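Accompanying notes for the structure given below.
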Amino acid sequence: MKAGFLLIAALFGACMLAGSVPAISAGQAKIADPIANPPAGRLQGVREGDATVFRAIPYALPPVGDRRWRPPAAMPRWDGVRAAKLAGPACMQPPMGGGPYDRGSPKMDEDCLTLDVTAPANARNAPVMVWIHGGTLIWGTAQSKMYDGREFAKRGIVLVSINYRLGVLGYLAHPGLSKESPEGISGNYGLLDQIAALKWVRANIAAFGGNPRNVTVFGESAGALSVEYLLASPPARGLFDKAIVESGYLFTMPELRTARYEEQSAESIGAALAKRLGAPDVATLRAMDARTLVNSATGYVPYGTIDGKILKRQLVDTFDRGEQAPVPLIAGFNSGEIRSLRFLLPPLPADAGTYAKTIGARYGDLADAWLKLYPASDLAQTQLAATRDAVFGWTAERLVRKQAALGQRSYLYFFSHSYPSELAADLAAFHASEVPFVFGTFADTPGEWPRIPDTADERSLSAAMLDYWTSFARNAVPASAKGPEWKPFTVKASYMHFADKPYLARDLMPGMYDLHEQIMARRRASGVQSWNWRTAATAPVLPKDDRR
């Protein structure tokens with residue numbers, strides 16, 4: 001069931017230089033270079049325009065050798081002044097295999113638990129934003145040039161970008177790993193890395209001019225999913241103050257030891273992988289070369305594990321119970337999400353009649369509501385819209401609704417902006433296409449990414465989005481002089497529509513949320529069906545509503 005999800009192409013970046021950065025003595029430090037002295041240890045960064053940048057700062061001990069598949073361990077203060085000018089390596093990851101997100105083969109290392117800090121020169125008590133990169137929890141790096149933080153620094157923000165363990169090294173659960181854990185659990189190591197990085201920010205960011213009590217976490221795709229995990233995770237409580245979710249999703253997660261919702265238990269998934277790799281025990285797995293291990297773990301889908309400690313229950317249940325972090329939220333999605341993720345689409349029906357018959361068979365008493373939203377008039381576009389809404393649209397609105405129910409300011413957005421090269425490639429407003437506009441990094445997209453024209457209109461839209469994002473980080477109210485007042489969702493179902501420019505609108509896609517919420521609720525109530533990207537011909541037959 002998860003074979004398609006393995007290929008979800010979320011953001012992928014490339015780093016510039018691999019390997020650890022050695023410490024240098026205080027006497028060698030150049031006077032012109034910025035020096036920071038956080039509790040972690042003294043650092044020598046670099047000045048880039050009006051910003052000071054510190055790269056590849058370790059926030060935990062290297063997760064290598066016996067520390068592989070263990071929670072991150074605190075990094076002791078180092079002696080002297082540590083050089084922090086050059087990008088560090090990406091965490092270990094397999095080749096991506098082409099597409100708009102592929103940056104080729106980044107330099108990588110299992111010793112990768114680092115973060116970058118970009119701060120305004122002479123910052124004092126500035127808002128902090130912590131970026132979590134996407135990549136299906138398989139690919140990506142904090143050091144991608146597309147995540148350059150200088151535009152944030154211009155707006156008075158301290159930006160932190162973090163690396164975290166990926167793939168099999170970041171999310172493997174296994175009976176042997178659970179047995180050696182004091183809490184009897186395993187998996188979620190990448191999430192624990194993110195929590196460790198947030199603890200590092202709380203303890204150290206003041207030395208860079210940041211306010212440790214005004215921290216916003218934000219991410220896209222798997223980075224957005226990570227933000228959802230952080231909202232739900234008890235150990236992350238109190239480590240951040242606001243959240244932004246760009247194209248997040250709320251699929252089912254495996255439980256540590258129980259098979260449910262079409263998911264095998266996380267431990268059984270890990271045990272089956274170990275058997276396929278010829279590893280009879282954890283010691284053998286830890287002895288494997290990291291690159292060989294990562295490249296051999298084909299078919300393994302990294303995901304958060306419900307272990308009762310780090311993640312207590314399905315995300316939809318956590319948010320229904322109001323157990324998530326009570327913080328202000330922005331969430332949204334793109335109009336063309338699935339245009340770059342077409343492997344998620346069901347087969348195209350032969351004709352309108354076949355489509356209608358399929359929907360009737362799959363969705364029963366909800367078929368009429370489905371066909372009203374996703375009619376047979378243009379089947380190709382209909383299926384793009386239906387899969388988009390089932391994955392990203394429903395998730396964004398659900399998160400905003402649930403956060404508003406906690407009494408938090410919650411804002412919804414819809415990004416439909418496109419430009420000529422996107423249209424030519426049939427990728428208008430594709431998955432992650434908002435990210436260069438959020439960062440203002442038009443020239444630093446991957447090689448096959450449609451080129452963004454560097455025009456006044458494109459820059460104006462980017463400036464508005466940067467304003468909204470950074471204003472929200474500052475005081476939980478997204479505002480920009482280049483766009484209208486962004487009303488909370490609770491004000492007449494308001495949302496911000498980013499098209500050629502920002503527009504305030506109301507009631508996004510009437511009926512969409514209610515339909516997909518009913519579908520999810522029935523699948524959840526069945527106890528045997530998962531809720532994910534499957535729609536139309538690939539969806540299981542929807543259970544009847546037992547309440548009737």
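Residue numbers start at 1 in each chain; chains themselves are named A, B, ... in the order of the structure tokens; ligands are numbered from 1 in the order shown.
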Q: Name the residues in contact with Gly238 in chain A at a cut-off of 10 Å, using only C-alpha atoms, excluding same-chain residues fewer than 3 positions from it; report them as an MDAnalysis selection string.
A: chainID A and resid 198:199 202 213 215 231 234:235 241 325:327
Q: Name the residues in contact with Ser471 in chain A at a cut-off of 10 Å, using only C-alpha atoms, excluding same-chain residues fewer than 5 positions from it; report them as a PyMOL selection string.
A: chain A and resi 127+155-157+465-466+476-480
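Remark: for Gly440 in chain A, the closest of the candidate residues A:Pro100, A:Gly149, A:Gly407, A:Pro484 is A:Gly149 (distances computed over only C-alpha atoms).
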Q: Determine, counting only C-alpha atoms, which protein, DNA and RNA residues have an atom within 6 Å of an atom of range 184-195 of chain A; residues of the same chain fewer than 2 positions away are not included. Present the result as a PyMOL selection string.
A: chain A and resi 71-72+164-165+170-173+177-179+181-182+197-198+236+304
Would you write out those residues with all heavy atoms, as a short mmCIF file (atom, residue, chain, number, x, y, z; two decimals), in the first residue's frame?
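Below is the file result-v3.cif, written as the result:
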data_model
loop_
_atom_site.label_atom_id
_atom_site.label_comp_id
_atom_site.auth_asym_id
_atom_site.auth_seq_id
_atom_site.Cartn_x
_atom_site.Cartn_y
_atom_site.Cartn_z
N PRO A 71 18.48 7.71 20.67
CA PRO A 71 18.11 9.12 20.76
C PRO A 71 19.34 10.00 20.72
O PRO A 71 20.43 9.60 21.17
CB PRO A 71 17.40 9.21 22.12
CG PRO A 71 16.89 7.83 22.36
CD PRO A 71 17.92 6.91 21.78
N PRO A 72 19.24 11.20 20.17
CA PRO A 72 20.41 12.09 20.09
C PRO A 72 20.95 12.42 21.48
O PRO A 72 20.19 12.62 22.42
CB PRO A 72 19.85 13.34 19.39
CG PRO A 72 18.37 13.29 19.63
CD PRO A 72 18.02 11.84 19.66
N TYR A 164 18.34 16.41 10.04
CA TYR A 164 17.87 15.36 10.94
C TYR A 164 18.03 14.03 10.22
O TYR A 164 18.04 13.97 8.98
CB TYR A 164 16.41 15.60 11.35
CG TYR A 164 15.45 15.76 10.19
CD1 TYR A 164 14.69 14.69 9.71
CD2 TYR A 164 15.30 17.00 9.55
CE1 TYR A 164 13.81 14.84 8.65
CE2 TYR A 164 14.42 17.15 8.48
CZ TYR A 164 13.68 16.07 8.04
OH TYR A 164 12.81 16.22 6.97
N ARG A 165 18.16 12.95 10.97
CA ARG A 165 18.37 11.64 10.35
C ARG A 165 17.19 11.25 9.47
O ARG A 165 16.03 11.48 9.82
CB ARG A 165 18.60 10.58 11.44
CG ARG A 165 20.01 10.58 11.99
CD ARG A 165 20.16 9.63 13.16
NE ARG A 165 19.60 10.19 14.40
CZ ARG A 165 19.64 9.57 15.58
NH1 ARG A 165 20.18 8.36 15.66
NH2 ARG A 165 19.14 10.15 16.65
N GLY A 170 16.85 7.08 10.26
CA GLY A 170 16.10 8.02 11.08
C GLY A 170 14.82 7.49 11.67
O GLY A 170 14.33 8.05 12.67
N TYR A 171 14.25 6.42 11.10
CA TYR A 171 12.90 6.05 11.51
C TYR A 171 12.70 4.55 11.73
O TYR A 171 11.58 4.11 12.01
CB TYR A 171 11.88 6.60 10.50
CG TYR A 171 11.86 8.10 10.54
CD1 TYR A 171 12.72 8.86 9.74
CD2 TYR A 171 11.03 8.79 11.42
CE1 TYR A 171 12.74 10.25 9.81
CE2 TYR A 171 11.04 10.17 11.50
CZ TYR A 171 11.91 10.89 10.70
OH TYR A 171 11.95 12.26 10.79
N LEU A 172 13.77 3.75 11.65
CA LEU A 172 13.64 2.31 11.81
C LEU A 172 13.20 1.94 13.22
O LEU A 172 13.80 2.36 14.20
CB LEU A 172 14.96 1.62 11.49
CG LEU A 172 14.95 0.09 11.62
CD1 LEU A 172 14.17 -0.52 10.45
CD2 LEU A 172 16.37 -0.46 11.67
N ALA A 173 12.15 1.15 13.31
CA ALA A 173 11.77 0.49 14.55
C ALA A 173 12.11 -1.00 14.42
O ALA A 173 12.04 -1.56 13.31
CB ALA A 173 10.28 0.67 14.84
N LEU A 177 15.92 -3.07 18.92
CA LEU A 177 16.12 -1.69 19.35
C LEU A 177 15.18 -1.34 20.51
O LEU A 177 15.57 -0.64 21.44
CB LEU A 177 15.88 -0.74 18.18
CG LEU A 177 16.91 -0.80 17.04
CD1 LEU A 177 16.45 0.04 15.86
CD2 LEU A 177 18.27 -0.32 17.52
N SER A 178 13.95 -1.82 20.44
CA SER A 178 13.01 -1.56 21.54
C SER A 178 13.49 -2.23 22.82
O SER A 178 13.36 -1.66 23.93
CB SER A 178 11.61 -2.07 21.18
OG SER A 178 11.09 -1.40 20.06
N LYS A 179 14.05 -3.42 22.71
CA LYS A 179 14.51 -4.16 23.89
C LYS A 179 15.63 -3.43 24.61
O LYS A 179 15.69 -3.44 25.85
CB LYS A 179 14.97 -5.55 23.47
CG LYS A 179 15.38 -6.44 24.64
CD LYS A 179 15.75 -7.84 24.15
CE LYS A 179 16.13 -8.73 25.33
NZ LYS A 179 16.49 -10.11 24.87
N SER A 181 16.08 -0.20 24.63
CA SER A 181 15.63 1.13 25.04
C SER A 181 15.09 1.10 26.46
O SER A 181 14.28 0.23 26.81
CB SER A 181 14.54 1.64 24.10
OG SER A 181 13.82 2.71 24.66
N PRO A 182 15.47 2.06 27.32
CA PRO A 182 14.92 2.11 28.68
C PRO A 182 13.40 2.25 28.69
O PRO A 182 12.74 1.81 29.64
CB PRO A 182 15.59 3.35 29.28
CG PRO A 182 16.84 3.55 28.50
CD PRO A 182 16.51 3.09 27.11
N ALA A 197 17.22 19.60 18.34
CA ALA A 197 17.60 20.87 17.72
C ALA A 197 16.81 22.02 18.33
O ALA A 197 17.36 23.11 18.56
CB ALA A 197 17.38 20.80 16.21
N LEU A 198 15.53 21.82 18.60
CA LEU A 198 14.72 22.87 19.23
C LEU A 198 15.19 23.15 20.65
O LEU A 198 15.18 24.30 21.10
CB LEU A 198 13.25 22.47 19.22
CG LEU A 198 12.56 22.48 17.85
CD1 LEU A 198 11.17 21.88 17.92
CD2 LEU A 198 12.50 23.90 17.29
N ALA A 236 8.07 17.55 22.73
CA ALA A 236 8.31 18.82 22.03
C ALA A 236 7.55 19.98 22.65
O ALA A 236 7.76 21.13 22.26
CB ALA A 236 7.93 18.69 20.56
N GLY A 304 6.64 8.34 11.06
CA GLY A 304 6.54 8.38 12.51
C GLY A 304 5.85 7.13 13.03
O GLY A 304 4.94 6.59 12.40
#
Q: Go through A:Leu366, A:Ala40, A:Met509, A:Ala331 and flag the residue nearest Ile205 in chain A, using only C-alpha atoms for the distances.
A: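 Closest to Ile205 in chain A, using only C-alpha atoms: A:Ala40.
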